[in-house]
Amino acid sequence: MSAVKEILSPNAARPVMRAKDDHVLEKELARFNGFGKQTKREFLPANGFGKVPVFINEFWTAKQRAASSLHEVSYRACFKPQLPRFFIERLTRPGDVVYDPFMGRGTTLIESALLGRIPCGCDINPISHILVRSRLNPPTLSDVEARLQQINFKLADEWPEELLVFYHPETLMEICALKKYLLGRKSKGELDNIDDWIWMVATNRLTGHSPGFFSVYTLPPNQAVSVESQVKINKKRRQTPPRRHVAELIFRKSQRLLAGIGDVHRHQLSSRAGGALLVTRSAHETPEIEPNSVALVVTSPPFLDVVNYGQDNWLRAWFCGINISKVAIWRIKNLNEWEVAMTSVLSEIHRVLQPDGWVAFEVGEIRNGKIKLEASVLRSGIEVGLRPVLVLINDQLFTKTSHCWGVDNLKKGTNTNRVILFQKEG
């Protein structure tokens, strides 16, 4: 990935930390009071590096819609845009390469491009590529409207009758016609950024729990239930799939996604889209990415046995023409195996990271807080030669805190962002 000419950014004036400057960030975190809370500080033992400082505070907003409208694409277990922005602004300059080896819906990549950095991402799930690439080069709303009018939504050549538990017959016909159109354009090499956008939005609108989705009421849009489960939902709610108009809903969602994208944002995105690199493969081996080319990695790996990404995405995979059963998506249930997998990924990250480059590796607590994965990540990072700098805990949703590593959490799931910051020494 070649260097590109820097462009001005409103965040360019922030001093960027390089080797041995992590005390600057430590001081900022210790004094941080952006949301009326004082930072708590503790320490975590790190083999060979003494004790790593841990900073606990609310470092970015908990509001769902306090970032670019482009981010409002659902994906399971994704973090808020404020997380990558926090590190991108402090640890990189415009023109730097920012990489996410588990890019998911592309939160890190979209934020990087909006901030004038070069986005780079990897995900073994091909659906991730579909969700990301179009938002790095978004069309205008008028282009989307014109293209939707050109598509024949009655020209379908398949009829998966089992999907009628989700869709009205006419809606299913339109979905199948759109699938045929998109896959046909892809096979002919005719896809453009408008088709990419429509594909992304349609993939996002397949199922959900409001009239803005193609389906009858079902689980949230980031996970599709089985046909058998939807039969039970329909019976329990005494519902039948209502008529939804596919083109109309794609246009309405496009309006919301593009609402905050003005000329400045569009220029910023387009200026970086050409240099973006999206890789569809396992994150532990990415030969497409040059050694010593990445300034910052911001990522969140698949959590230990919590999310079944293949099962959640079966309907999206059908629509996108992907055999999801052939995709080796990680779902690791054993902590030791998870740590081995993370070590392999961090080793590859070390290869692509430039000297003095940074890694912000976000994990969550699982099994109702009984397992904290940051200790495993620290061990893995140290093993591959990364220097542990600090741990940042963005603490917003805990109801009672007794001790940083033994919090009494009354909510299930991952309720904090726990970020281990490493540096590759030059």
# chains A, B, ... in the order shown; residues from 1 in each chain; ligands from 1
call {"tool": "residues_around", "arguments": {"residues": "range 315-328 of chain A", "least_positions_apart": "4", "cutoff": "7 Å", "atoms": "only C-alpha atoms", "output": "number ranges by chain"}}
result
A: 125, 127, 179, 203, 224, 310
call {"tool": "select_by_dssp", "arguments": {"residues": "range 117-302 of chain A", "states": "strand (DSSP E)", "output": "list in words"}}
result
Ile118, Pro119, Cys120, Gly121, Cys122, Leu277, Leu278, Val279, Val294, Ala295, Leu296, Val297, Val298 and Thr299 of chain A
call {"tool": "write_last_selection", "arguments": {"atoms": "C-alpha atoms", "output": "short mmCIF file (atom, residue, chain, number, x, y, z; two decimals), in the first residue's frame"}}
result
data_model
loop_
_atom_site.label_atom_id
_atom_site.label_comp_id
_atom_site.auth_asym_id
_atom_site.auth_seq_id
_atom_site.Cartn_x
_atom_site.Cartn_y
_atom_site.Cartn_z
CA ILE A 118 -6.36 5.23 4.40
CA PRO A 119 -8.72 2.40 5.39
CA CYS A 120 -7.61 -1.21 5.34
CA GLY A 121 -9.72 -4.15 6.48
CA CYS A 122 -9.94 -7.92 6.55
CA LEU A 277 -7.72 -2.30 0.74
CA LEU A 278 -10.40 -4.87 1.67
CA VAL A 279 -9.25 -8.45 2.13
CA VAL A 294 0.08 0.12 8.97
CA ALA A 295 0.19 3.00 11.46
CA LEU A 296 -2.68 1.88 13.68
CA VAL A 297 -4.81 -1.22 14.17
CA VAL A 298 -8.21 -0.82 15.83
CA THR A 299 -10.18 -4.03 16.10
#
call {"tool": "closest_residue", "arguments": {"among": "A:Trp60, A:Trp330, A:Trp338, A:Tyr309", "to": "Gln223 in chain A", "atoms": "only C-alpha atoms"}}
result
A:Tyr309
call {"tool": "closest_residue", "arguments": {"among": "A:Val73, A:Leu182, A:Val98, A:Val52", "to": "Arg272 in chain A", "atoms": "only C-alpha atoms"}}
result
A:Val98
call {"tool": "residues_around", "arguments": {"residues": "Arg133 in chain A", "least_positions_apart": "6", "cutoff": "9 Å", "atoms": "only C-alpha atoms", "output": "short mmCIF file (atom, residue, chain, number, x, y, z; two decimals) with N, CA and C atoms, in the first residue's frame"}}
result
data_model
loop_
_atom_site.label_atom_id
_atom_site.label_comp_id
_atom_site.auth_asym_id
_atom_site.auth_seq_id
_atom_site.Cartn_x
_atom_site.Cartn_y
_atom_site.Cartn_z
N GLY A 106 -17.43 -2.53 9.23
CA GLY A 106 -16.51 -1.52 8.74
C GLY A 106 -16.44 -0.24 9.52
N ASN A 193 -20.65 1.70 -8.15
CA ASN A 193 -20.86 2.07 -6.76
C ASN A 193 -22.34 2.22 -6.41
N ASP A 196 -23.45 -1.40 -5.82
CA ASP A 196 -22.86 -1.79 -4.53
C ASP A 196 -23.68 -1.24 -3.38
N TRP A 197 -24.09 0.01 -3.52
CA TRP A 197 -24.87 0.66 -2.45
C TRP A 197 -26.22 -0.03 -2.27
N MET A 200 -25.77 -3.32 -0.55
CA MET A 200 -25.52 -3.16 0.87
C MET A 200 -26.80 -2.86 1.64
N ALA A 273 -11.07 6.29 -0.95
CA ALA A 273 -11.62 5.02 -1.43
C ALA A 273 -10.67 4.31 -2.39
N ALA A 276 -8.07 2.36 -0.52
CA ALA A 276 -8.54 1.39 0.47
C ALA A 276 -8.22 -0.04 0.03
N LEU A 278 -9.50 -3.96 0.97
CA LEU A 278 -10.40 -4.87 1.67
C LEU A 278 -10.00 -6.29 1.31
#
call {"tool": "residues_around", "arguments": {"residues": "Ser344 in chain A", "least_positions_apart": "5", "cutoff": "9 Å", "atoms": "only C-alpha atoms", "output": "list in words"}}
result
Ala283, His284, Glu285, Glu339, Ile349, Ser380 and Val384 of chain A
call {"tool": "closest_residue", "arguments": {"among": "A:Leu183, A:Ser229, A:Lys37, A:Ala46", "to": "Leu386 in chain A", "atoms": "only C-alpha atoms"}}
result
A:Ala46
call {"tool": "select_by_dssp", "arguments": {"residues": "range 223-340 of chain A", "states": "alpha helix (DSSP H)", "output": "short mmCIF file (atom, residue, chain, number, x, y, z; two decimals) with N, CA and C atoms, in the first residue's frame"}}
result
data_model
loop_
_atom_site.label_atom_id
_atom_site.label_comp_id
_atom_site.auth_asym_id
_atom_site.auth_seq_id
_atom_site.Cartn_x
_atom_site.Cartn_y
_atom_site.Cartn_z
N VAL A 227 -35.97 -20.71 9.88
CA VAL A 227 -37.35 -20.78 9.38
C VAL A 227 -38.26 -21.34 10.46
N GLU A 228 -37.80 -22.39 11.14
CA GLU A 228 -38.60 -23.01 12.20
C GLU A 228 -38.89 -22.03 13.33
N SER A 229 -37.89 -21.24 13.71
CA SER A 229 -38.09 -20.26 14.78
C SER A 229 -39.06 -19.16 14.36
N GLN A 230 -38.98 -18.75 13.08
CA GLN A 230 -39.89 -17.71 12.61
C GLN A 230 -41.33 -18.21 12.57
N VAL A 231 -41.52 -19.48 12.26
CA VAL A 231 -42.87 -20.05 12.31
C VAL A 231 -43.45 -19.90 13.71
N LYS A 232 -42.64 -20.16 14.73
CA LYS A 232 -43.10 -20.03 16.12
C LYS A 232 -43.38 -18.57 16.47
N ILE A 233 -42.52 -17.65 15.99
CA ILE A 233 -42.75 -16.22 16.25
C ILE A 233 -44.06 -15.77 15.62
N ASN A 234 -44.29 -16.18 14.39
CA ASN A 234 -45.52 -15.79 13.70
C ASN A 234 -46.75 -16.33 14.43
N LYS A 235 -46.66 -17.56 14.88
CA LYS A 235 -47.79 -18.16 15.58
C LYS A 235 -48.05 -17.47 16.91
N LYS A 236 -46.98 -17.19 17.65
CA LYS A 236 -47.12 -16.54 18.95
C LYS A 236 -47.69 -15.14 18.81
N ARG A 237 -47.27 -14.42 17.79
CA ARG A 237 -47.73 -13.04 17.60
C ARG A 237 -48.97 -12.95 16.72
N VAL A 246 -39.88 -3.26 -1.83
CA VAL A 246 -38.43 -3.33 -1.68
C VAL A 246 -37.74 -2.04 -2.12
N ALA A 247 -38.05 -1.53 -3.29
CA ALA A 247 -37.39 -0.32 -3.79
C ALA A 247 -37.66 0.87 -2.87
N GLU A 248 -38.89 0.97 -2.39
CA GLU A 248 -39.25 2.09 -1.51
C GLU A 248 -38.46 2.06 -0.22
N LEU A 249 -38.31 0.87 0.37
CA LEU A 249 -37.58 0.76 1.64
C LEU A 249 -36.08 0.98 1.45
N ILE A 250 -35.54 0.55 0.32
CA ILE A 250 -34.12 0.82 0.03
C ILE A 250 -33.89 2.32 -0.09
N PHE A 251 -34.80 3.00 -0.77
CA PHE A 251 -34.67 4.45 -0.92
C PHE A 251 -34.77 5.15 0.42
N ARG A 252 -35.71 4.74 1.25
CA ARG A 252 -35.89 5.39 2.56
C ARG A 252 -34.66 5.18 3.45
N LYS A 253 -34.11 3.97 3.47
CA LYS A 253 -32.90 3.72 4.26
C LYS A 253 -31.73 4.51 3.70
N SER A 254 -31.65 4.63 2.39
CA SER A 254 -30.57 5.42 1.77
C SER A 254 -30.67 6.88 2.18
N GLN A 255 -31.88 7.40 2.27
CA GLN A 255 -32.07 8.78 2.74
C GLN A 255 -31.45 8.97 4.11
N ARG A 256 -31.68 8.02 5.02
CA ARG A 256 -31.16 8.15 6.38
C ARG A 256 -29.63 7.99 6.41
N LEU A 257 -29.12 7.01 5.67
CA LEU A 257 -27.67 6.79 5.67
C LEU A 257 -26.91 7.98 5.08
N ASP A 263 -20.85 17.56 0.83
CA ASP A 263 -19.78 17.57 -0.17
C ASP A 263 -18.42 17.33 0.45
N VAL A 264 -18.18 17.89 1.65
CA VAL A 264 -16.88 17.72 2.31
C VAL A 264 -16.66 16.25 2.65
N HIS A 265 -17.69 15.61 3.24
CA HIS A 265 -17.56 14.19 3.58
C HIS A 265 -17.37 13.34 2.33
N ARG A 266 -18.13 13.65 1.29
CA ARG A 266 -18.05 12.87 0.06
C ARG A 266 -16.65 12.97 -0.55
N HIS A 267 -16.08 14.19 -0.52
CA HIS A 267 -14.73 14.36 -1.04
C HIS A 267 -13.73 13.59 -0.19
N GLN A 268 -13.90 13.66 1.12
CA GLN A 268 -12.98 12.95 2.01
C GLN A 268 -13.03 11.45 1.76
N LEU A 269 -14.23 10.92 1.61
CA LEU A 269 -14.38 9.49 1.37
C LEU A 269 -13.82 9.08 0.01
N SER A 270 -14.18 9.82 -1.03
CA SER A 270 -13.73 9.46 -2.38
C SER A 270 -12.22 9.58 -2.52
N SER A 271 -11.62 10.52 -1.79
CA SER A 271 -10.17 10.69 -1.88
C SER A 271 -9.42 9.53 -1.25
N ARG A 272 -10.09 8.78 -0.37
CA ARG A 272 -9.45 7.64 0.29
C ARG A 272 -9.91 6.30 -0.27
N ALA A 273 -11.07 6.29 -0.95
CA ALA A 273 -11.62 5.02 -1.43
C ALA A 273 -10.67 4.31 -2.39
N TYR A 309 -21.61 -16.15 13.98
CA TYR A 309 -21.77 -15.24 12.85
C TYR A 309 -22.33 -15.96 11.63
N GLY A 310 -21.97 -17.23 11.43
CA GLY A 310 -22.49 -17.97 10.29
C GLY A 310 -23.98 -18.17 10.39
N GLN A 311 -24.45 -18.59 11.56
CA GLN A 311 -25.88 -18.81 11.76
C GLN A 311 -26.64 -17.50 11.67
N ASP A 312 -26.10 -16.44 12.24
CA ASP A 312 -26.78 -15.15 12.22
C ASP A 312 -26.94 -14.60 10.81
N TRP A 314 -27.20 -16.37 7.82
CA TRP A 314 -27.58 -17.35 6.78
C TRP A 314 -28.48 -16.72 5.71
N LEU A 315 -29.39 -15.84 6.12
CA LEU A 315 -30.31 -15.25 5.16
C LEU A 315 -29.60 -14.20 4.30
N ARG A 316 -28.73 -13.42 4.91
CA ARG A 316 -27.92 -12.48 4.14
C ARG A 316 -27.06 -13.23 3.13
N ALA A 317 -26.50 -14.35 3.56
CA ALA A 317 -25.65 -15.13 2.66
C ALA A 317 -26.45 -15.64 1.46
N TRP A 318 -27.67 -16.12 1.71
CA TRP A 318 -28.52 -16.58 0.60
C TRP A 318 -28.73 -15.45 -0.40
N PHE A 319 -29.08 -14.27 0.10
CA PHE A 319 -29.36 -13.15 -0.79
C PHE A 319 -28.11 -12.75 -1.59
N CYS A 320 -26.95 -12.85 -0.96
CA CYS A 320 -25.71 -12.43 -1.61
C CYS A 320 -25.07 -13.54 -2.45
N LEU A 335 -11.03 -21.25 25.98
CA LEU A 335 -10.22 -20.06 26.20
C LEU A 335 -8.79 -20.23 25.70
N ASN A 336 -8.20 -21.39 25.91
CA ASN A 336 -6.83 -21.63 25.45
C ASN A 336 -6.75 -21.57 23.92
N GLU A 337 -7.74 -22.15 23.25
CA GLU A 337 -7.76 -22.12 21.78
C GLU A 337 -7.95 -20.69 21.28
N TRP A 338 -8.78 -19.93 21.99
CA TRP A 338 -9.02 -18.53 21.62
C TRP A 338 -7.71 -17.74 21.73
N GLU A 339 -6.96 -17.99 22.80
CA GLU A 339 -5.70 -17.28 23.01
C GLU A 339 -4.69 -17.66 21.93
N VAL A 340 -4.65 -18.90 21.54
CA VAL A 340 -3.76 -19.33 20.45
C VAL A 340 -4.14 -18.62 19.15
#
call {"tool": "atom_distance", "arguments": {"atom1": "CA of Phe32 in chain A", "atom2": "CA of Gly364 in chain A"}}
result
22.0 Å
call {"tool": "atom_distance", "arguments": {"atom1": "CA of Pro291 in chain A", "atom2": "CA of Ala341 in chain A"}}
result
20.4 Å
call {"tool": "residues_around", "arguments": {"residues": "Asn152 in chain A", "least_positions_apart": "6", "cutoff": "9 Å", "atoms": "only C-alpha atoms", "output": "list in words"}}
result
Glu174, Ala177, Leu178 and Tyr181 of chain A
call {"tool": "write_last_selection", "arguments": {"atoms": "C-alpha atoms", "output": "tab-separated table (two decimals), in the first residue's frame"}}
result
chain	number	residue	atom	x	y	z
A	174	GLU	CA	-39.01	-8.46	-5.55
A	177	ALA	CA	-35.56	-10.24	-8.67
A	178	LEU	CA	-33.10	-7.88	-7.01
A	181	TYR	CA	-30.09	-8.39	-10.98
call {"tool": "closest_residue", "arguments": {"among": "A:Phe87, A:Phe422, A:Trp159, A:Tyr75", "to": "Thr171 in chain A", "atoms": "only C-alpha atoms"}}
result
A:Trp159
call {"tool": "residues_around", "arguments": {"residues": "Arg379 in chain A", "least_positions_apart": "2", "cutoff": "9 Å", "atoms": "only C-alpha atoms", "output": "PyMOL selection string"}}
result
chain A and resi 46-47+339+343+374-377+381-384
